[in-house]
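Listing of query.csv, CSV, C-alpha atoms
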chain,number,residue,atom,x,y,z
A,532,MET,CA,37.2,-13.8,-75.3
A,533,PRO,CA,33.4,-13.2,-75.6
A,534,SER,CA,32.5,-16.0,-73.2
A,535,PRO,CA,33.8,-17.2,-69.8
A,536,VAL,CA,37.5,-18.2,-69.9
A,537,PHE,CA,38.2,-21.1,-67.6
A,538,ASP,CA,41.8,-22.4,-67.5
A,539,ALA,CA,41.6,-26.1,-66.4
A,540,ASP,CA,45.4,-26.4,-65.7
A,541,ASN,CA,47.2,-23.9,-63.6
A,542,HIS,CA,49.8,-24.6,-60.9
A,543,PHE,CA,51.3,-23.2,-57.8
A,544,TYR,CA,54.8,-23.9,-56.6
A,545,GLU,CA,55.0,-25.3,-53.1
A,546,PRO,CA,57.4,-24.0,-50.4
A,547,ARG,CA,59.1,-26.4,-48.0
A,548,GLU,CA,56.3,-26.3,-45.5
A,549,ALA,CA,53.6,-27.5,-47.9
A,550,LEU,CA,54.4,-31.2,-47.2
A,551,THR,CA,55.7,-30.9,-43.7
A,552,LYS,CA,53.9,-28.2,-41.6
A,553,PHE,CA,50.8,-30.3,-40.8
A,554,LEU,CA,52.4,-33.8,-40.7
A,555,PRO,CA,51.1,-35.7,-37.6
A,556,ARG,CA,53.7,-36.8,-35.1
A,557,ARG,CA,53.6,-40.4,-36.4
A,558,ALA,CA,54.6,-39.2,-39.9
A,559,ARG,CA,57.4,-36.9,-38.9
A,560,GLY,CA,60.5,-37.6,-41.0
A,561,ALA,CA,58.5,-38.9,-43.9
A,562,ILE,CA,59.4,-35.8,-45.9
A,563,ASP,CA,62.7,-33.9,-45.4
A,564,TYR,CA,64.7,-31.3,-47.2
A,565,VAL,CA,68.4,-32.0,-47.3
A,566,GLU,CA,71.5,-30.3,-48.6
A,567,VAL,CA,73.5,-32.2,-51.3
A,568,ARG,CA,76.7,-30.5,-52.6
A,569,GLY,CA,75.2,-27.1,-52.0
A,570,ARG,CA,71.8,-27.9,-53.5
A,571,THR,CA,68.5,-28.5,-51.6
A,572,LYS,CA,66.9,-31.8,-52.4
A,573,ILE,CA,63.7,-33.5,-51.1
A,574,ALA,CA,64.0,-36.8,-49.3
A,575,VAL,CA,61.1,-39.2,-48.9
A,576,ARG,CA,61.7,-41.5,-45.9
A,577,GLY,CA,65.4,-40.8,-46.2
A,578,VAL,CA,65.7,-41.5,-49.9
A,579,ILE,CA,66.7,-38.4,-52.0
A,580,SER,CA,64.5,-37.8,-55.0
A,581,ASP,CA,65.5,-36.0,-58.2
A,582,PHE,CA,61.9,-36.0,-59.4
A,583,ILE,CA,62.0,-32.2,-59.3
A,584,PRO,CA,65.6,-30.9,-59.6
A,585,ASN,CA,64.9,-27.8,-57.5
A,586,PRO,CA,62.1,-28.7,-55.0
A,587,THR,CA,62.2,-25.3,-53.2
A,588,PHE,CA,61.1,-23.5,-56.4
A,589,ASP,CA,63.0,-20.4,-55.3
A,590,VAL,CA,64.4,-20.2,-58.8
A,591,VAL,CA,62.3,-21.6,-61.6
A,592,ALA,CA,62.1,-21.8,-65.4
A,593,LYS,CA,60.2,-19.0,-67.1
A,594,PRO,CA,56.6,-19.8,-68.0
A,595,GLY,CA,56.4,-21.2,-71.5
A,596,ALA,CA,60.2,-21.6,-71.7
A,597,GLN,CA,59.7,-24.8,-73.7
A,598,GLU,CA,57.0,-23.5,-76.1
A,599,ASP,CA,59.3,-23.5,-79.1
A,600,TYR,CA,60.6,-27.0,-78.2
A,601,PHE,CA,57.1,-28.5,-78.1
A,602,ARG,CA,55.9,-26.6,-81.2
A,603,ASN,CA,58.9,-27.2,-83.4
A,604,GLY,CA,61.0,-30.0,-81.8
A,605,ASN,CA,64.7,-29.6,-81.4
A,606,PRO,CA,66.3,-29.6,-84.8
A,607,ASP,CA,69.4,-27.9,-83.6
A,608,GLY,CA,70.0,-30.4,-80.8
A,609,LYS,CA,70.0,-28.0,-78.0
A,610,SER,CA,70.7,-29.2,-74.5
A,611,PRO,CA,67.9,-29.2,-71.9
A,612,ARG,CA,69.5,-26.1,-70.3
A,613,GLU,CA,69.6,-24.3,-73.6
A,614,ILE,CA,66.0,-25.1,-74.2
A,615,MET,CA,65.0,-23.9,-70.8
A,616,GLY,CA,66.8,-20.6,-71.1
A,617,GLU,CA,67.6,-18.3,-68.3
A,618,PRO,CA,65.7,-19.0,-65.1
A,619,MET,CA,63.9,-16.5,-62.9
A,620,ASP,CA,63.2,-15.9,-59.3
A,621,ALA,CA,59.8,-17.1,-58.1
A,622,ILE,CA,57.3,-14.3,-57.9
A,623,PRO,CA,54.4,-14.0,-55.4
A,624,ALA,CA,51.9,-15.0,-58.1
A,625,PHE,CA,53.5,-18.5,-58.1
A,626,ARG,CA,52.9,-18.8,-54.3
A,627,GLU,CA,49.8,-16.8,-53.3
A,628,PRO,CA,46.2,-16.4,-54.5
A,629,GLY,CA,46.0,-12.6,-54.2
A,630,PRO,CA,48.9,-11.9,-56.6
A,631,ARG,CA,47.8,-14.7,-58.8
A,632,LEU,CA,44.3,-13.2,-59.3
A,633,LYS,CA,45.9,-10.0,-60.6
A,634,VAL,CA,47.9,-12.0,-63.1
A,635,MET,CA,44.7,-13.8,-64.2
A,636,ASP,CA,43.1,-10.4,-64.7
A,637,GLU,CA,46.0,-9.4,-66.9
A,638,PHE,CA,45.7,-12.5,-69.0
A,639,GLY,CA,41.9,-12.3,-69.2
A,640,ILE,CA,41.2,-15.5,-67.3
A,641,ASP,CA,38.0,-15.7,-65.3
A,642,HIS,CA,38.5,-19.0,-63.4
A,643,CYS,CA,41.1,-21.7,-63.1
A,644,LEU,CA,41.9,-25.0,-61.5
A,645,MET,CA,45.1,-24.7,-59.4
A,646,PHE,CA,47.1,-27.8,-59.0
A,647,PRO,CA,50.2,-28.6,-56.9
A,648,THR,CA,53.5,-29.2,-58.6
A,649,LEU,CA,55.8,-31.1,-56.2
A,650,ALA,CA,53.0,-33.2,-54.7
A,651,SER,CA,52.9,-35.6,-57.7
A,652,LEU,CA,55.9,-37.4,-56.3
A,653,VAL,CA,54.3,-38.4,-53.0
A,654,GLU,CA,52.0,-41.4,-53.7
A,655,GLU,CA,54.4,-43.4,-55.8
A,656,ARG,CA,57.3,-43.1,-53.3
A,657,LEU,CA,55.1,-44.1,-50.4
A,658,LYS,CA,53.0,-46.8,-52.1
A,659,ASP,CA,54.2,-49.6,-49.8
A,660,ASP,CA,52.7,-47.7,-46.8
A,661,PRO,CA,49.1,-46.8,-47.5
A,662,ASP,CA,48.4,-45.2,-44.1
A,663,LEU,CA,51.5,-43.0,-44.3
A,664,THR,CA,50.4,-42.0,-47.8
A,665,HIS,CA,47.0,-40.8,-46.4
A,666,ASP,CA,48.8,-38.9,-43.6
A,667,VAL,CA,51.1,-37.0,-46.0
A,668,ILE,CA,48.3,-36.2,-48.4
A,669,HIS,CA,46.1,-34.9,-45.7
A,670,ALA,CA,49.0,-32.7,-44.4
A,671,LEU,CA,49.3,-31.3,-47.9
A,672,ASN,CA,45.6,-30.6,-48.2
A,673,GLU,CA,45.7,-28.7,-44.9
A,674,TRP,CA,48.4,-26.5,-46.2
A,675,ILE,CA,46.6,-25.9,-49.5
A,676,HIS,CA,43.5,-24.9,-47.7
A,677,GLU,CA,45.3,-22.6,-45.3
A,678,THR,CA,47.3,-20.9,-48.1
A,679,TRP,CA,45.0,-20.9,-51.1
A,680,SER,CA,41.6,-22.1,-49.8
A,681,PHE,CA,39.7,-24.5,-52.1
A,682,ASP,CA,37.6,-21.7,-53.5
A,683,TYR,CA,39.3,-18.3,-53.6
A,684,GLU,CA,36.8,-15.5,-54.5
A,685,GLY,CA,34.9,-17.9,-56.7
A,686,ARG,CA,37.7,-17.8,-59.3
A,687,ILE,CA,40.7,-19.9,-58.2
A,688,PHE,CA,39.8,-23.4,-57.3
A,689,ALA,CA,42.8,-25.0,-55.7
A,690,VAL,CA,42.6,-28.8,-56.0
A,691,PRO,CA,43.1,-31.0,-53.0
A,692,VAL,CA,44.4,-34.5,-53.4
A,693,VAL,CA,42.4,-37.7,-52.5
A,694,THR,CA,44.5,-40.8,-52.3
A,695,LEU,CA,42.6,-44.1,-52.5
A,696,PRO,CA,44.6,-47.0,-50.9
A,697,VAL,CA,42.3,-47.2,-47.9
A,698,VAL,CA,38.7,-46.5,-49.1
A,699,ASP,CA,37.4,-45.5,-45.7
A,700,ARG,CA,40.2,-42.9,-45.3
A,701,ALA,CA,39.6,-41.7,-48.9
A,702,LEU,CA,35.9,-41.1,-48.0
A,703,GLU,CA,36.9,-39.2,-44.8
A,704,GLU,CA,39.4,-37.1,-46.8
A,705,LEU,CA,36.8,-36.3,-49.5
A,706,GLN,CA,34.3,-35.2,-46.9
A,707,TRP,CA,37.0,-33.0,-45.2
A,708,CYS,CA,37.7,-31.3,-48.5
A,709,LEU,CA,34.0,-30.9,-49.4
A,710,ASP,CA,33.3,-29.4,-45.9
A,711,ARG,CA,35.9,-26.7,-46.8
A,712,GLY,CA,34.5,-25.8,-50.2
A,713,ALA,CA,36.4,-28.1,-52.6
A,714,ARG,CA,35.0,-27.9,-56.1
A,715,THR,CA,37.0,-30.9,-57.4
A,716,VAL,CA,39.5,-33.4,-56.1
A,717,LEU,CA,42.7,-34.8,-57.7
A,718,VAL,CA,43.0,-38.5,-58.1
A,719,ARG,CA,46.3,-39.9,-59.5
A,720,PRO,CA,45.8,-41.8,-62.8
A,721,ALA,CA,47.5,-44.9,-61.6
A,722,PRO,CA,46.8,-48.3,-60.1
A,723,VAL,CA,45.9,-48.0,-56.4
A,724,PRO,CA,48.5,-49.5,-54.1
A,725,GLY,CA,47.3,-51.4,-51.0
A,726,TYR,CA,48.4,-53.8,-48.3
A,727,ARG,CA,47.6,-56.7,-50.6
A,728,GLY,CA,49.0,-55.3,-53.8
A,729,SER,CA,47.7,-52.8,-56.3
A,730,ARG,CA,44.4,-52.8,-58.1
A,731,SER,CA,42.2,-50.8,-60.4
A,732,PHE,CA,40.0,-48.0,-59.0
A,733,GLY,CA,37.4,-49.1,-61.5
A,734,LEU,CA,36.5,-52.1,-59.4
A,735,PRO,CA,33.4,-52.2,-57.2
A,736,GLU,CA,35.6,-51.8,-54.1
A,737,PHE,CA,35.9,-48.1,-54.9
A,738,ASP,CA,32.2,-47.6,-55.7
A,739,PRO,CA,31.5,-45.8,-52.4
A,740,PHE,CA,34.1,-43.2,-53.3
A,741,TRP,CA,32.7,-42.6,-56.9
A,742,GLN,CA,29.2,-42.5,-55.6
A,743,ALA,CA,30.1,-39.9,-52.9
A,744,VAL,CA,31.7,-37.8,-55.6
A,745,VAL,CA,28.6,-38.0,-57.8
A,746,GLU,CA,26.3,-37.2,-54.8
A,747,ALA,CA,28.5,-34.1,-54.0
A,748,GLY,CA,28.1,-32.9,-57.6
A,749,ILE,CA,31.8,-32.4,-58.3
A,750,PRO,CA,34.0,-33.7,-61.0
A,751,VAL,CA,37.2,-35.7,-60.4
A,752,SER,CA,40.5,-34.3,-61.8
A,753,MET,CA,43.1,-36.7,-63.1
A,754,HIS,CA,46.2,-34.7,-63.7
A,755,ALA,CA,49.4,-36.2,-65.2
A,756,SER,CA,51.6,-37.5,-62.4
A,757,ASP,CA,54.2,-40.1,-61.5
A,758,SER,CA,51.9,-43.1,-62.1
A,759,GLY,CA,54.6,-45.7,-61.4
A,760,TYR,CA,55.4,-46.8,-64.9
A,761,SER,CA,59.2,-46.5,-64.3
A,762,GLU,CA,58.8,-49.8,-62.5
A,763,HIS,CA,58.1,-51.4,-65.9
A,764,LEU,CA,60.6,-49.3,-67.9
A,765,ASN,CA,63.4,-50.2,-65.5
A,766,ALA,CA,63.4,-53.7,-66.8
A,767,TRP,CA,64.6,-52.2,-70.1
A,768,GLU,CA,66.7,-49.3,-68.8
A,769,PRO,CA,67.6,-50.1,-65.3
A,770,GLY,CA,68.1,-47.9,-62.3
A,771,ARG,CA,66.4,-44.6,-63.1
A,772,GLU,CA,63.8,-42.7,-61.1
A,773,TYR,CA,61.1,-41.1,-63.1
A,774,THR,CA,62.2,-37.5,-63.6
A,775,PRO,CA,60.0,-35.5,-66.0
A,776,PHE,CA,62.6,-32.8,-66.5
A,777,ARG,CA,65.4,-35.2,-67.4
A,778,PRO,CA,63.9,-38.0,-69.5
A,779,THR,CA,65.8,-40.4,-71.8
A,780,ALA,CA,64.8,-41.0,-75.4
A,781,PHE,CA,63.7,-44.5,-74.6
A,782,ARG,CA,61.5,-43.5,-71.7
A,783,THR,CA,59.9,-40.7,-73.6
A,784,ALA,CA,59.1,-43.0,-76.6
A,785,ALA,CA,58.1,-46.0,-74.6
A,786,LEU,CA,55.9,-44.4,-71.9
A,787,GLY,CA,53.9,-42.1,-74.2
A,788,LYS,CA,50.4,-41.8,-72.7
A,789,ARG,CA,50.3,-45.3,-71.3
A,790,ALA,CA,49.1,-44.2,-67.8
A,791,ILE,CA,46.1,-42.2,-69.0
A,792,ILE,CA,45.1,-44.9,-71.5
A,793,ASP,CA,45.2,-47.6,-68.8
A,794,THR,CA,43.3,-45.3,-66.4
A,795,MET,CA,40.4,-44.9,-68.9
A,796,LEU,CA,40.5,-48.6,-69.8
A,797,ALA,CA,40.2,-49.4,-66.1
A,798,LEU,CA,37.2,-47.0,-65.6
A,799,THR,CA,35.4,-48.4,-68.6
A,800,CYS,CA,36.3,-52.1,-68.6
A,801,HIS,CA,35.9,-52.5,-64.9
A,802,GLY,CA,32.6,-50.7,-65.1
A,803,ALA,CA,32.9,-47.6,-62.9
A,804,PHE,CA,31.7,-45.3,-65.7
A,805,SER,CA,28.7,-47.6,-66.3
A,806,ARG,CA,27.8,-48.1,-62.6
A,807,HIS,CA,28.1,-44.3,-62.0
A,808,PRO,CA,26.8,-42.7,-65.2
A,809,ASP,CA,26.8,-39.3,-63.7
A,810,LEU,CA,30.5,-39.4,-62.8
A,811,ARG,CA,32.6,-36.8,-64.5
A,812,VAL,CA,36.3,-37.2,-64.9
A,813,LEU,CA,38.7,-34.4,-66.2
A,814,SER,CA,41.8,-35.7,-67.9
A,815,ILE,CA,44.2,-32.8,-67.3
A,816,GLU,CA,47.7,-32.3,-68.9
A,817,ASN,CA,47.6,-35.8,-70.5
A,818,GLY,CA,47.1,-34.4,-74.0
A,819,ALA,CA,44.8,-36.0,-76.5
A,820,GLU,CA,46.9,-38.2,-78.8
A,821,TRP,CA,46.0,-41.2,-76.7
A,822,VAL,CA,42.3,-41.0,-77.4
A,823,PRO,CA,42.2,-42.7,-80.9
A,824,GLU,CA,44.3,-45.6,-79.4
A,825,LEU,CA,41.8,-45.9,-76.5
A,826,TYR,CA,38.9,-46.0,-79.0
A,827,LYS,CA,40.6,-48.7,-81.0
A,828,ALA,CA,41.2,-50.8,-77.9
A,829,LEU,CA,37.7,-50.4,-76.6
A,830,LYS,CA,36.0,-51.1,-79.9
A,831,ASN,CA,38.1,-54.2,-80.4
A,832,VAL,CA,37.4,-55.7,-76.9
A,833,TYR,CA,33.7,-54.8,-77.0
A,834,ARG,CA,33.3,-56.6,-80.3
A,835,LYS,CA,35.0,-59.7,-78.9
A,836,MET,CA,33.6,-59.7,-75.3
A,837,PRO,CA,30.3,-57.8,-75.2
A,838,GLY,CA,29.1,-59.9,-72.3
A,839,GLN,CA,31.6,-58.2,-70.0
A,840,PHE,CA,30.0,-54.8,-70.5
A,841,THR,CA,26.6,-53.4,-69.6
A,842,GLU,CA,26.9,-50.7,-72.4
A,843,ASP,CA,29.2,-49.7,-75.2
A,844,PRO,CA,32.4,-48.7,-73.4
A,845,ILE,CA,33.1,-46.0,-75.9
A,846,GLU,CA,29.7,-44.4,-75.1
A,847,ALA,CA,30.5,-44.6,-71.4
A,848,PHE,CA,33.8,-42.8,-72.0
A,849,ARG,CA,32.3,-40.1,-74.2
A,850,ARG,CA,29.7,-39.4,-71.5
A,851,CYS,CA,31.9,-39.4,-68.4
A,852,ALA,CA,35.3,-38.1,-69.6
A,853,TYR,CA,36.5,-34.6,-70.4
A,854,VAL,CA,39.8,-34.2,-72.3
A,855,ASN,CA,42.3,-31.4,-72.1
A,856,PRO,CA,44.4,-31.5,-75.3
A,857,PHE,CA,47.9,-30.1,-75.2
A,858,TRP,CA,48.1,-26.7,-76.9
A,859,GLU,CA,50.3,-28.3,-79.7
A,860,ASP,CA,47.7,-31.1,-80.3
A,861,ASP,CA,45.4,-31.0,-83.4
A,862,VAL,CA,42.1,-30.4,-81.7
A,863,SER,CA,40.1,-30.7,-85.0
A,864,ALA,CA,41.4,-34.3,-85.3
A,865,LEU,CA,40.1,-35.0,-81.8
A,866,LEU,CA,36.5,-34.1,-82.6
A,867,PRO,CA,35.5,-37.4,-84.3
A,868,TYR,CA,36.3,-39.1,-80.9
A,869,VAL,CA,35.4,-36.5,-78.3
A,870,SER,CA,32.6,-33.9,-78.8
A,871,ALA,CA,33.3,-30.2,-78.4
A,872,ASP,CA,31.3,-30.2,-75.1
A,873,ARG,CA,33.9,-32.6,-73.6
A,874,ILE,CA,37.1,-30.7,-74.5
A,875,VAL,CA,38.7,-28.2,-72.1
A,876,PHE,CA,41.5,-25.7,-72.3
A,877,GLY,CA,44.5,-25.8,-70.0
A,878,SER,CA,47.6,-23.6,-70.2
A,879,ASP,CA,49.8,-25.3,-67.6
A,880,TRP,CA,50.9,-21.9,-66.5
A,881,PRO,CA,53.5,-21.1,-65.1
A,882,HIS,CA,55.3,-24.3,-66.0
A,883,ALA,CA,58.0,-24.3,-68.6
A,884,GLU,CA,56.2,-26.8,-70.8
A,885,GLY,CA,53.0,-24.6,-70.8
A,886,LEU,CA,52.1,-21.4,-72.5
A,887,ALA,CA,53.6,-18.0,-71.6
A,888,THR,CA,50.3,-16.3,-72.3
A,889,PRO,CA,47.4,-18.7,-71.7
A,890,LEU,CA,44.9,-17.4,-74.1
A,891,SER,CA,47.2,-18.1,-77.0
A,892,TYR,CA,45.8,-21.6,-76.7
A,893,ALA,CA,42.9,-20.3,-78.8
A,894,ASP,CA,45.2,-19.8,-81.7
A,895,ALA,CA,45.2,-23.6,-82.2
A,896,LEU,CA,41.4,-23.5,-82.4
A,897,GLY,CA,41.1,-21.1,-85.3
A,898,GLY,CA,39.6,-23.5,-87.7
A,899,LEU,CA,36.8,-24.5,-85.4
A,900,PRO,CA,33.3,-23.0,-85.2
A,901,GLU,CA,33.1,-20.0,-82.9
A,902,ALA,CA,30.6,-21.9,-80.6
A,903,ASP,CA,33.0,-24.8,-80.2
A,904,VAL,CA,35.9,-22.4,-79.4
A,905,ALA,CA,33.7,-20.8,-76.7
A,906,LYS,CA,33.0,-24.2,-75.2
A,907,ILE,CA,36.6,-25.3,-75.1
A,908,MET,CA,38.0,-22.0,-73.8
A,909,GLY,CA,35.8,-22.0,-70.8
A,910,GLY,CA,32.1,-22.7,-71.5
A,911,ASN,CA,32.3,-26.4,-70.7
A,912,MET,CA,34.2,-25.9,-67.4
A,913,ALA,CA,31.9,-23.0,-66.5
A,914,ASP,CA,28.9,-25.3,-67.0
A,915,LEU,CA,30.5,-28.0,-65.0
A,916,PHE,CA,31.5,-25.7,-62.1
A,917,LYS,CA,28.4,-23.6,-62.4
A,918,VAL,CA,30.2,-20.3,-62.8
A,919,GLY,CA,30.1,-17.4,-65.3
A,920,ALA,CA,32.3,-14.7,-66.7
A,921,THR,CA,33.7,-12.2,-64.1
A,922,ALA,CA,33.8,-9.1,-66.2

Same coordinates, now as structure tokens:
Amino acid sequence: MPSPVFDADNHFYEPREALTKFLPRRARGAIDYVEVRGRTKIAVRGVISDFIPNPTFDVVAKPGAQEDYFRNGNPDGKSPREIMGEPMDAIPAFREPGPRLKVMDEFGIDHCLMFPTLASLVEERLKDDPDLTHDVIHALNEWIHETWSFDYEGRIFAVPVVTLPVVDRALEELQWCLDRGARTVLVRPAPVPGYRGSRSFGLPEFDPFWQAVVEAGIPVSMHASDSGYSEHLNAWEPGREYTPFRPTAFRTAALGKRAIIDTMLALTCHGAFSRHPDLRVLSIENGAEWVPELYKALKNVYRKMPGQFTEDPIEAFRRCAYVNPFWEDDVSALLPYVSADRIVFGSDWPHAEGLATPLSYADALGGLPEADVAKIMGGNMADLFKVGATA
């Protein structure tokens, strides 16, 4: 690529110690690994989770194993195992920053955001105990910093998590991360649980956090996660834990992009984007098909209830939000809603649902002007993170 390439969606695979090594004494036993019929499972407060079928990640699906599935569907009715193909042993590049940097060089990637994989199960399964949630998240962040750092050679930006149930603790965690070089933080796109029930992080209660982020000059990343929507779907299809690798047809059709739409509605309708006009939020691995639906909802409510807004909520969204389309999305269809300087590329490497070779993402941008392709493939993120090409 002729300009900086910044992959906004990379992942590492956590070893067992990632969630347990730094747990304080009061939180010991919150996370365990147990053997079930010869297979290792993760247990959260003694309850076994199948959120990730193989939480040790010693053996994983090959990067991009589901590419054909997402590109062409499943006309032959293959089983999930057939779609995934033969697994592979985890390699050092999945676990360590040095080997990962070599792979990035081979792919032609200058910079990337590096997200956890297993960590997305934590907040939902601990939501009835906010302080324990903060304890486990901080333990994870300590491990991420020890293993990856938050800024590895100015190229790999591992993303620490900030959970929001107790705002004062969220502010402490944010500062801890900033003091160690964090360039962005991960906030789950979901209602915030608390001791008196859940609520929107768009409410003024959370303004100290958003203002601290703005003052630090960093964007907030909102990566797809377990946002708790199985609680609603269980009323229709009872008794199932949210498991992204073993979805049912009903849950796949019903859930869609509900979590990210509700997240953006909360930030606009509850005024966070307007009270903090310099806030920048990255929607990562949520795709882009939800954006027209969001526009329709915001346009309709603003027409009927303008007095509940200090500005056009669509303009607030367009200013504050960046969107990472899936590689199979029609990016040209997104441009009427989101300008090219608010669209970012993410490969989801090395996940099975991502791309085997990240820069092939540019193939889907072939009909766009060269300047827009350069922005999407890295220019926008390079500007946001104040970095340039490494070559």

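Put simply, CA of Met908 (chain A) is 18.3 Å away from CA of Phe646 (chain A).
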
*Would you kindly return, as a PyMOL selection string, each protein, DNA or RNA residue with an atom no farther than 12 Å from any atom of Ser891 (chain A), considering only C-alpha atoms and excluding same-chain residues fewer than 2 positions away?*
chain A and resi 532+538+595+598+638-640+858-859+876-878+880+885-889+893-897+908

If you keep C-alpha atoms, can you produce a file of those selected residues as a PDB file, in the coordinates of the input?
ATOM      1  CA  MET A 532      37.200 -13.800 -75.300  1.00  0.00           C
ATOM      2  CA  ASP A 538      41.800 -22.400 -67.500  1.00  0.00           C
ATOM      3  CA  GLY A 595      56.400 -21.200 -71.500  1.00  0.00           C
ATOM      4  CA  GLU A 598      57.000 -23.500 -76.100  1.00  0.00           C
ATOM      5  CA  PHE A 638      45.700 -12.500 -69.000  1.00  0.00           C
ATOM      6  CA  GLY A 639      41.900 -12.300 -69.200  1.00  0.00           C
ATOM      7  CA  ILE A 640      41.200 -15.500 -67.300  1.00  0.00           C
ATOM      8  CA  TRP A 858      48.100 -26.700 -76.900  1.00  0.00           C
ATOM      9  CA  GLU A 859      50.300 -28.300 -79.700  1.00  0.00           C
ATOM     10  CA  PHE A 876      41.500 -25.700 -72.300  1.00  0.00           C
ATOM     11  CA  GLY A 877      44.500 -25.800 -70.000  1.00  0.00           C
ATOM     12  CA  SER A 878      47.600 -23.600 -70.200  1.00  0.00           C
ATOM     13  CA  TRP A 880      50.900 -21.900 -66.500  1.00  0.00           C
ATOM     14  CA  GLY A 885      53.000 -24.600 -70.800  1.00  0.00           C
ATOM     15  CA  LEU A 886      52.100 -21.400 -72.500  1.00  0.00           C
ATOM     16  CA  ALA A 887      53.600 -18.000 -71.600  1.00  0.00           C
ATOM     17  CA  THR A 888      50.300 -16.300 -72.300  1.00  0.00           C
ATOM     18  CA  PRO A 889      47.400 -18.700 -71.700  1.00  0.00           C
ATOM     19  CA  ALA A 893      42.900 -20.300 -78.800  1.00  0.00           C
ATOM     20  CA  ASP A 894      45.200 -19.800 -81.700  1.00  0.00           C
ATOM     21  CA  ALA A 895      45.200 -23.600 -82.200  1.00  0.00           C
ATOM     22  CA  LEU A 896      41.400 -23.500 -82.400  1.00  0.00           C
ATOM     23  CA  GLY A 897      41.100 -21.100 -85.300  1.00  0.00           C
ATOM     24  CA  MET A 908      38.000 -22.000 -73.800  1.00  0.00           C
TER      25      MET A 908
END

*asked:* Give me the residues near Pro611 (chain A) as a list in words, where near means some atom within 10 Å (using only C-alpha atoms) and where sequence neighbours in that chain fewer than 3 positions away do not count.
replied: Gln597, Tyr600, Gly608, Ile614, Met615, Gly616, Phe776, Arg777 and Pro778 of chain A

Using all atoms listed in the file, tabulate the residues of region 847-893 of chain A lying at most 12 Å from any atom of region 741-759 of chain A, each with its closest atom pair and that distance in Å to one decimal, by chain and increasing residue number, as JSON lines.
{"residue": "A:Cys851", "atom": "CA", "partner": "A:Pro750", "partner_atom": "CA", "distance": 9.6}
{"residue": "A:Ala852", "atom": "CA", "partner": "A:Val751", "partner_atom": "CA", "distance": 9.7}
{"residue": "A:Tyr853", "atom": "CA", "partner": "A:Ser752", "partner_atom": "CA", "distance": 9.5}
{"residue": "A:Val854", "atom": "CA", "partner": "A:Met753", "partner_atom": "CA", "distance": 10.1}
{"residue": "A:Asn855", "atom": "CA", "partner": "A:His754", "partner_atom": "CA", "distance": 9.8}
{"residue": "A:Phe857", "atom": "CA", "partner": "A:Ala755", "partner_atom": "CA", "distance": 11.8}
{"residue": "A:Gly877", "atom": "CA", "partner": "A:His754", "partner_atom": "CA", "distance": 11.0}
{"residue": "A:Asp879", "atom": "CA", "partner": "A:His754", "partner_atom": "CA", "distance": 10.8}

*asked:* Give me, as a PyMOL selection string, all polymer residues having an atom no more than 12 Å from Phe848 (chain A), counting only C-alpha atoms and skipping those fewer than 5 positions away in the same chain.
replied: chain A and resi 792+794-800+802-805+807-814+822+825-826+829-830+842-843+853-854+868-870+873

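The space separating CA of His642 (chain A) from CA of Thr921 (chain A) comes to 8.4 Å.
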
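Candidate residues A:Ala574, A:Met635, A:Leu865, A:Val697 were compared for distance to Lys658 (chain A), and the nearest is A:Val697, using only C-alpha atoms.
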